[in-house]
file start-v1.pdb (PDB, C-alpha atoms, pLDDT in the B column)
ATOM      1  CA  MET A   1     190.214  29.214  38.082  1.00 78.00           C
ATOM      2  CA  SER A   2     191.057  29.469  34.395  1.00 89.00           C
ATOM      3  CA  THR A   3     191.171  26.444  32.103  1.00 91.00           C
ATOM      4  CA  GLU A   4     194.952  26.749  31.835  1.00 89.00           C
ATOM      5  CA  LEU A   5     195.424  26.731  35.601  1.00 90.00           C
ATOM      6  CA  LYS A   6     193.119  23.724  35.895  1.00 91.00           C
ATOM      7  CA  LYS A   7     195.271  21.868  33.363  1.00 89.00           C
ATOM      8  CA  ILE A   8     198.435  22.723  35.264  1.00 89.00           C
ATOM      9  CA  GLU A   9     196.927  21.406  38.490  1.00 91.00           C
ATOM     10  CA  LEU A  10     195.662  18.278  36.711  1.00 91.00           C
ATOM     11  CA  TYR A  11     199.100  17.472  35.272  1.00 91.00           C
ATOM     12  CA  LYS A  12     200.850  18.167  38.583  1.00 93.00           C
ATOM     13  CA  ASN A  13     198.399  15.801  40.248  1.00 94.00           C
ATOM     14  CA  LEU A  14     198.887  13.085  37.616  1.00 94.00           C
ATOM     15  CA  PHE A  15     202.686  13.428  37.745  1.00 96.00           C
ATOM     16  CA  GLY A  16     202.662  13.055  41.532  1.00 96.00           C
ATOM     17  CA  LYS A  17     200.366  10.052  41.477  1.00 95.00           C
ATOM     18  CA  ASN A  18     202.460   8.419  38.761  1.00 96.00           C
ATOM     19  CA  LEU A  19     205.647   9.033  40.749  1.00 97.00           C
ATOM     20  CA  LYS A  20     204.106   7.400  43.809  1.00 97.00           C
ATOM     21  CA  ILE A  21     202.959   4.358  41.812  1.00 96.00           C
ATOM     22  CA  ILE A  22     206.425   3.894  40.297  1.00 97.00           C
ATOM     23  CA  ARG A  23     208.176   4.426  43.641  1.00 98.00           C
ATOM     24  CA  GLU A  24     205.948   1.931  45.400  1.00 98.00           C
ATOM     25  CA  SER A  25     206.347  -0.605  42.565  1.00 97.00           C
ATOM     26  CA  LYS A  26     210.098  -0.413  43.246  1.00 97.00           C
ATOM     27  CA  GLN A  27     209.350  -1.029  46.939  1.00 98.00           C
ATOM     28  CA  MET A  28     210.976   2.260  47.884  1.00 98.00           C
ATOM     29  CA  THR A  29     209.929   4.587  50.660  1.00 98.00           C
ATOM     30  CA  GLN A  30     210.017   8.333  50.162  1.00 98.00           C
ATOM     31  CA  LEU A  31     213.175   8.359  52.282  1.00 98.00           C
ATOM     32  CA  ASP A  32     214.744   5.650  50.085  1.00 98.00           C
ATOM     33  CA  LEU A  33     214.040   7.717  46.979  1.00 98.00           C
ATOM     34  CA  ALA A  34     215.370  10.948  48.509  1.00 97.00           C
ATOM     35  CA  THR A  35     218.535   9.137  49.631  1.00 96.00           C
ATOM     36  CA  ALA A  36     219.036   7.604  46.173  1.00 97.00           C
ATOM     37  CA  MET A  37     218.647  11.038  44.590  1.00 96.00           C
ATOM     38  CA  ASN A  38     221.128  12.587  47.026  1.00 95.00           C
ATOM     39  CA  ASN A  39     223.653   9.860  46.231  1.00 95.00           C
ATOM     40  CA  LEU A  40     223.592  10.895  42.551  1.00 93.00           C
ATOM     41  CA  THR A  41     225.008  14.397  42.969  1.00 83.00           C
ATOM     42  CA  SER A  42     226.010  16.801  45.673  1.00 80.00           C
ATOM     43  CA  ASP A  43     224.648  19.934  43.966  1.00 83.00           C
ATOM     44  CA  SER A  44     221.439  19.969  46.008  1.00 83.00           C
ATOM     45  CA  PHE A  45     219.901  18.049  48.873  1.00 90.00           C
ATOM     46  CA  ILE A  46     216.476  16.405  48.484  1.00 93.00           C
ATOM     47  CA  GLU A  47     214.505  15.704  51.642  1.00 95.00           C
ATOM     48  CA  LYS A  48     211.800  13.107  52.192  1.00 97.00           C
ATOM     49  CA  SER A  49     209.327  15.969  52.561  1.00 97.00           C
ATOM     50  CA  THR A  50     210.184  17.121  49.027  1.00 97.00           C
ATOM     51  CA  ILE A  51     209.146  13.730  47.649  1.00 98.00           C
ATOM     52  CA  SER A  52     205.913  13.992  49.648  1.00 98.00           C
ATOM     53  CA  ARG A  53     205.191  17.477  48.285  1.00 98.00           C
ATOM     54  CA  ILE A  54     205.772  16.281  44.697  1.00 98.00           C
ATOM     55  CA  GLU A  55     203.551  13.235  45.134  1.00 97.00           C
ATOM     56  CA  ASN A  56     200.800  15.366  46.670  1.00 97.00           C
ATOM     57  CA  SER A  57     200.972  18.124  44.025  1.00 94.00           C
ATOM     58  CA  ARG A  58     202.096  20.764  46.503  1.00 95.00           C
ATOM     59  CA  THR A  59     205.160  21.935  44.574  1.00 94.00           C
ATOM     60  CA  ASN A  60     206.409  22.550  41.076  1.00 93.00           C
ATOM     61  CA  VAL A  61     209.140  20.192  39.948  1.00 94.00           C
ATOM     62  CA  THR A  62     212.275  21.404  38.181  1.00 94.00           C
ATOM     63  CA  LEU A  63     213.749  19.587  35.209  1.00 95.00           C
ATOM     64  CA  SER A  64     216.819  18.796  37.294  1.00 93.00           C
ATOM     65  CA  THR A  65     214.652  17.097  39.921  1.00 95.00           C
ATOM     66  CA  ILE A  66     212.747  15.150  37.267  1.00 96.00           C
ATOM     67  CA  ILE A  67     216.037  13.868  35.839  1.00 96.00           C
ATOM     68  CA  LYS A  68     217.230  12.857  39.308  1.00 96.00           C
ATOM     69  CA  LEU A  69     213.925  11.100  39.984  1.00 97.00           C
ATOM     70  CA  SER A  70     214.253   9.029  36.826  1.00 98.00           C
ATOM     71  CA  LEU A  71     217.882   8.147  37.551  1.00 97.00           C
ATOM     72  CA  ALA A  72     217.190   7.219  41.177  1.00 98.00           C
ATOM     73  CA  LEU A  73     214.209   5.095  40.135  1.00 98.00           C
ATOM     74  CA  GLU A  74     216.237   3.581  37.273  1.00 98.00           C
ATOM     75  CA  ILE A  75     213.545   4.333  34.719  1.00 97.00           C
ATOM     76  CA  ASP A  76     213.332   6.206  31.445  1.00 96.00           C
ATOM     77  CA  ILE A  77     212.330   9.808  32.135  1.00 96.00           C
ATOM     78  CA  LYS A  78     209.260   9.481  29.892  1.00 94.00           C
ATOM     79  CA  GLU A  79     207.755   6.933  32.298  1.00 94.00           C
ATOM     80  CA  LEU A  80     207.156   9.770  34.745  1.00 94.00           C
ATOM     81  CA  PHE A  81     204.965  11.466  32.141  1.00 91.00           C
ATOM     82  CA  VAL A  82     202.718   8.540  31.231  1.00 84.00           C
ATOM     83  CA  ILE A  83     199.249   9.946  31.704  1.00 73.00           C
ATOM     84  CA  GLU A  84     196.374   7.505  31.365  1.00 65.00           C
TER      85      GLU A  84
END
call {"tool": "encode", "arguments": {"input": "start-v1.pdb", "output": "structure tokens"}}
result
Amino acid sequence: MSTELKKIELYKNLFGKNLKIIRESKQMTQLDLATAMNNLTSDSFIEKSTISRIENSRTNVTLSTIIKLSLALEIDIKELFVIE
């Protein structure tokens, strides 16, 4: 695996872990978060399994989904990108 691909996988992993930490700190289940996201707009439907795939680095996240995550979690979007 190239260095670039390793970085992509690392950042996907960190994003997912960070999302899970934030979600759990808000005492939300994956279903709670998916429901909150679906209540924001009707342009697409997010399932609980989608949240699981994001948290476990098994999917790429679109900008639209990242925005919905931040709105549903009531956080600034940059909090999802805090990498320590």
call {"tool": "resolve_selection", "arguments": {"input": "start-v1.pdb", "expression": "the PyMOL selection byres ((chain A and resi 56) around 10)", "output": "list in words"}}
result
Lys12, Asn13, Leu14, Phe15, Gly16, Lys17, Leu19, Lys20, Thr50, Ile51, Ser52, Arg53, Ile54, Glu55, Ser57, Arg58 and Thr59 of chain A
call {"tool": "residues_around", "arguments": {"input": "start-v1.pdb", "residues": "region 31-40 of chain A", "least_positions_apart": "3", "cutoff": "8 Å", "atoms": "only C-alpha atoms", "output": "list in words"}}
result
Arg23, Met28, Ser44, Phe45, Ile46, Glu47, Lys48, Ile51, Lys68, Leu69, Leu71, Ala72 and Leu73 of chain A
call {"tool": "atom_distance", "arguments": {"input": "start-v1.pdb", "atom1": "CA of Thr41 (chain A)", "atom2": "CA of Gln27 (chain A)"}}
result
22.3 Å
call {"tool": "atom_distance", "arguments": {"input": "start-v1.pdb", "atom1": "CA of Asn60 (chain A)", "atom2": "CA of Ile22 (chain A)"}}
result
18.7 Å
call {"tool": "resolve_selection", "arguments": {"input": "start-v1.pdb", "expression": "the PyMOL selection byres ((chain A and resi 79) around 9)", "output": "PDB file with C-alpha atoms, keeping the file's coordinate frame"}}
result
ATOM      1  CA  ASN A  18     202.460   8.419  38.761  1.00 96.00           C
ATOM      2  CA  LEU A  19     205.647   9.033  40.749  1.00 97.00           C
ATOM      3  CA  ILE A  22     206.425   3.894  40.297  1.00 97.00           C
ATOM      4  CA  SER A  70     214.253   9.029  36.826  1.00 98.00           C
ATOM      5  CA  ILE A  75     213.545   4.333  34.719  1.00 97.00           C
ATOM      6  CA  ASP A  76     213.332   6.206  31.445  1.00 96.00           C
ATOM      7  CA  ILE A  77     212.330   9.808  32.135  1.00 96.00           C
ATOM      8  CA  LYS A  78     209.260   9.481  29.892  1.00 94.00           C
ATOM      9  CA  LEU A  80     207.156   9.770  34.745  1.00 94.00           C
ATOM     10  CA  PHE A  81     204.965  11.466  32.141  1.00 91.00           C
ATOM     11  CA  VAL A  82     202.718   8.540  31.231  1.00 84.00           C
TER      12      VAL A  82
END
call {"tool": "axis_aligned_box", "arguments": {"input": "start-v1.pdb", "around": "region 79-83 of chain A", "padding_each_side": "3 Å", "output": "lines of an AutoDock Vina configuration file"}}
result
center_x = 203.5
center_y = 9.2
center_z = 33.0
size_x = 14.5
size_y = 10.5
size_z = 9.5
call {"tool": "build_atoms", "arguments": {"input": "start-v1.pdb", "residues": "region 51-62 of chain A", "atoms": "all heavy atoms", "output": "PDB file, in the coordinates of the input"}}
result
ATOM      1  N   ILE A  51     209.808  14.810  48.387  1.00 98.00           N
ATOM      2  CA  ILE A  51     209.146  13.730  47.649  1.00 98.00           C
ATOM      3  C   ILE A  51     207.650  13.745  47.974  1.00 98.00           C
ATOM      4  O   ILE A  51     206.808  13.634  47.073  1.00 98.00           O
ATOM      5  CB  ILE A  51     209.760  12.356  47.987  1.00 98.00           C
ATOM      6  CG1 ILE A  51     211.272  12.338  47.740  1.00 98.00           C
ATOM      7  CG2 ILE A  51     209.058  11.243  47.221  1.00 98.00           C
ATOM      8  CD1 ILE A  51     211.705  12.637  46.333  1.00 98.00           C
ATOM      9  N   SER A  52     207.312  13.926  49.234  1.00 98.00           N
ATOM     10  CA  SER A  52     205.913  13.992  49.648  1.00 98.00           C
ATOM     11  C   SER A  52     205.186  15.147  48.963  1.00 98.00           C
ATOM     12  O   SER A  52     204.068  14.989  48.464  1.00 98.00           O
ATOM     13  CB  SER A  52     205.818  14.139  51.165  1.00 98.00           C
ATOM     14  OG  SER A  52     204.475  14.285  51.557  1.00 98.00           O
ATOM     15  N   ARG A  53     205.815  16.311  48.917  1.00 98.00           N
ATOM     16  CA  ARG A  53     205.191  17.477  48.285  1.00 98.00           C
ATOM     17  C   ARG A  53     204.980  17.248  46.790  1.00 98.00           C
ATOM     18  O   ARG A  53     203.956  17.647  46.240  1.00 98.00           O
ATOM     19  CB  ARG A  53     206.028  18.732  48.526  1.00 98.00           C
ATOM     20  CG  ARG A  53     205.905  19.264  49.937  1.00 98.00           C
ATOM     21  CD  ARG A  53     206.427  20.684  50.089  1.00 98.00           C
ATOM     22  NE  ARG A  53     207.719  20.925  49.474  1.00 98.00           N
ATOM     23  CZ  ARG A  53     208.900  20.699  50.050  1.00 98.00           C
ATOM     24  NH1 ARG A  53     208.940  20.206  51.273  1.00 98.00           N
ATOM     25  NH2 ARG A  53     210.017  20.961  49.424  1.00 98.00           N
ATOM     26  N   ILE A  54     205.926  16.582  46.121  1.00 98.00           N
ATOM     27  CA  ILE A  54     205.772  16.281  44.697  1.00 98.00           C
ATOM     28  C   ILE A  54     204.610  15.312  44.501  1.00 98.00           C
ATOM     29  O   ILE A  54     203.742  15.535  43.643  1.00 98.00           O
ATOM     30  CB  ILE A  54     207.069  15.695  44.100  1.00 98.00           C
ATOM     31  CG1 ILE A  54     208.193  16.734  44.131  1.00 98.00           C
ATOM     32  CG2 ILE A  54     206.833  15.217  42.656  1.00 98.00           C
ATOM     33  CD1 ILE A  54     209.569  16.161  43.821  1.00 98.00           C
ATOM     34  N   GLU A  55     204.595  14.250  45.282  1.00 97.00           N
ATOM     35  CA  GLU A  55     203.551  13.235  45.134  1.00 97.00           C
ATOM     36  C   GLU A  55     202.157  13.776  45.446  1.00 97.00           C
ATOM     37  O   GLU A  55     201.169  13.291  44.903  1.00 97.00           O
ATOM     38  CB  GLU A  55     203.839  12.025  46.029  1.00 97.00           C
ATOM     39  CG  GLU A  55     205.020  11.213  45.564  1.00 97.00           C
ATOM     40  CD  GLU A  55     205.311   9.987  46.410  1.00 97.00           C
ATOM     41  OE1 GLU A  55     204.682   9.828  47.487  1.00 97.00           O
ATOM     42  OE2 GLU A  55     206.167   9.201  46.001  1.00 97.00           O
ATOM     43  N   ASN A  56     202.086  14.788  46.284  1.00 97.00           N
ATOM     44  CA  ASN A  56     200.800  15.366  46.670  1.00 97.00           C
ATOM     45  C   ASN A  56     200.489  16.684  45.961  1.00 97.00           C
ATOM     46  O   ASN A  56     199.606  17.423  46.398  1.00 97.00           O
ATOM     47  CB  ASN A  56     200.746  15.537  48.192  1.00 97.00           C
ATOM     48  CG  ASN A  56     200.694  14.202  48.888  1.00 97.00           C
ATOM     49  OD1 ASN A  56     199.715  13.480  48.770  1.00 97.00           O
ATOM     50  ND2 ASN A  56     201.767  13.841  49.577  1.00 97.00           N
ATOM     51  N   SER A  57     201.222  16.957  44.890  1.00 94.00           N
ATOM     52  CA  SER A  57     200.972  18.124  44.025  1.00 94.00           C
ATOM     53  C   SER A  57     201.073  19.451  44.758  1.00 94.00           C
ATOM     54  O   SER A  57     200.355  20.394  44.438  1.00 94.00           O
ATOM     55  CB  SER A  57     199.593  18.019  43.369  1.00 94.00           C
ATOM     56  OG  SER A  57     199.410  16.776  42.781  1.00 94.00           O
ATOM     57  N   ARG A  58     201.964  19.532  45.729  1.00 95.00           N
ATOM     58  CA  ARG A  58     202.096  20.764  46.503  1.00 95.00           C
ATOM     59  C   ARG A  58     203.323  21.582  46.119  1.00 95.00           C
ATOM     60  O   ARG A  58     203.647  22.559  46.791  1.00 95.00           O
ATOM     61  CB  ARG A  58     202.117  20.434  47.996  1.00 95.00           C
ATOM     62  CG  ARG A  58     200.792  19.875  48.497  1.00 95.00           C
ATOM     63  CD  ARG A  58     200.700  19.820  50.011  1.00 95.00           C
ATOM     64  NE  ARG A  58     201.892  19.314  50.651  1.00 95.00           N
ATOM     65  CZ  ARG A  58     202.046  18.083  51.130  1.00 95.00           C
ATOM     66  NH1 ARG A  58     201.067  17.209  51.024  1.00 95.00           N
ATOM     67  NH2 ARG A  58     203.156  17.727  51.713  1.00 95.00           N
ATOM     68  N   THR A  59     203.986  21.181  45.022  1.00 94.00           N
ATOM     69  CA  THR A  59     205.160  21.935  44.574  1.00 94.00           C
ATOM     70  C   THR A  59     205.337  21.762  43.082  1.00 94.00           C
ATOM     71  O   THR A  59     204.833  20.798  42.496  1.00 94.00           O
ATOM     72  CB  THR A  59     206.431  21.473  45.326  1.00 94.00           C
ATOM     73  OG1 THR A  59     207.497  22.367  45.028  1.00 94.00           O
ATOM     74  CG2 THR A  59     206.834  20.063  44.932  1.00 94.00           C
ATOM     75  N   ASN A  60     206.018  22.689  42.472  1.00 93.00           N
ATOM     76  CA  ASN A  60     206.409  22.550  41.076  1.00 93.00           C
ATOM     77  C   ASN A  60     207.761  21.846  41.035  1.00 93.00           C
ATOM     78  O   ASN A  60     208.619  22.099  41.875  1.00 93.00           O
ATOM     79  CB  ASN A  60     206.509  23.909  40.384  1.00 93.00           C
ATOM     80  CG  ASN A  60     205.157  24.529  40.156  1.00 93.00           C
ATOM     81  OD1 ASN A  60     204.217  23.846  39.757  1.00 93.00           O
ATOM     82  ND2 ASN A  60     205.040  25.820  40.418  1.00 93.00           N
ATOM     83  N   VAL A  61     207.927  20.992  40.051  1.00 94.00           N
ATOM     84  CA  VAL A  61     209.140  20.192  39.948  1.00 94.00           C
ATOM     85  C   VAL A  61     210.046  20.777  38.864  1.00 94.00           C
ATOM     86  O   VAL A  61     209.585  21.068  37.763  1.00 94.00           O
ATOM     87  CB  VAL A  61     208.791  18.727  39.595  1.00 94.00           C
ATOM     88  CG1 VAL A  61     210.013  17.858  39.617  1.00 94.00           C
ATOM     89  CG2 VAL A  61     207.743  18.190  40.533  1.00 94.00           C
ATOM     90  N   THR A  62     211.330  20.917  39.182  1.00 94.00           N
ATOM     91  CA  THR A  62     212.275  21.404  38.181  1.00 94.00           C
ATOM     92  C   THR A  62     212.716  20.257  37.273  1.00 94.00           C
ATOM     93  O   THR A  62     212.583  19.080  37.626  1.00 94.00           O
ATOM     94  CB  THR A  62     213.533  22.004  38.841  1.00 94.00           C
ATOM     95  OG1 THR A  62     214.230  20.957  39.528  1.00 94.00           O
ATOM     96  CG2 THR A  62     213.176  23.133  39.797  1.00 94.00           C
TER      97      THR A  62
END
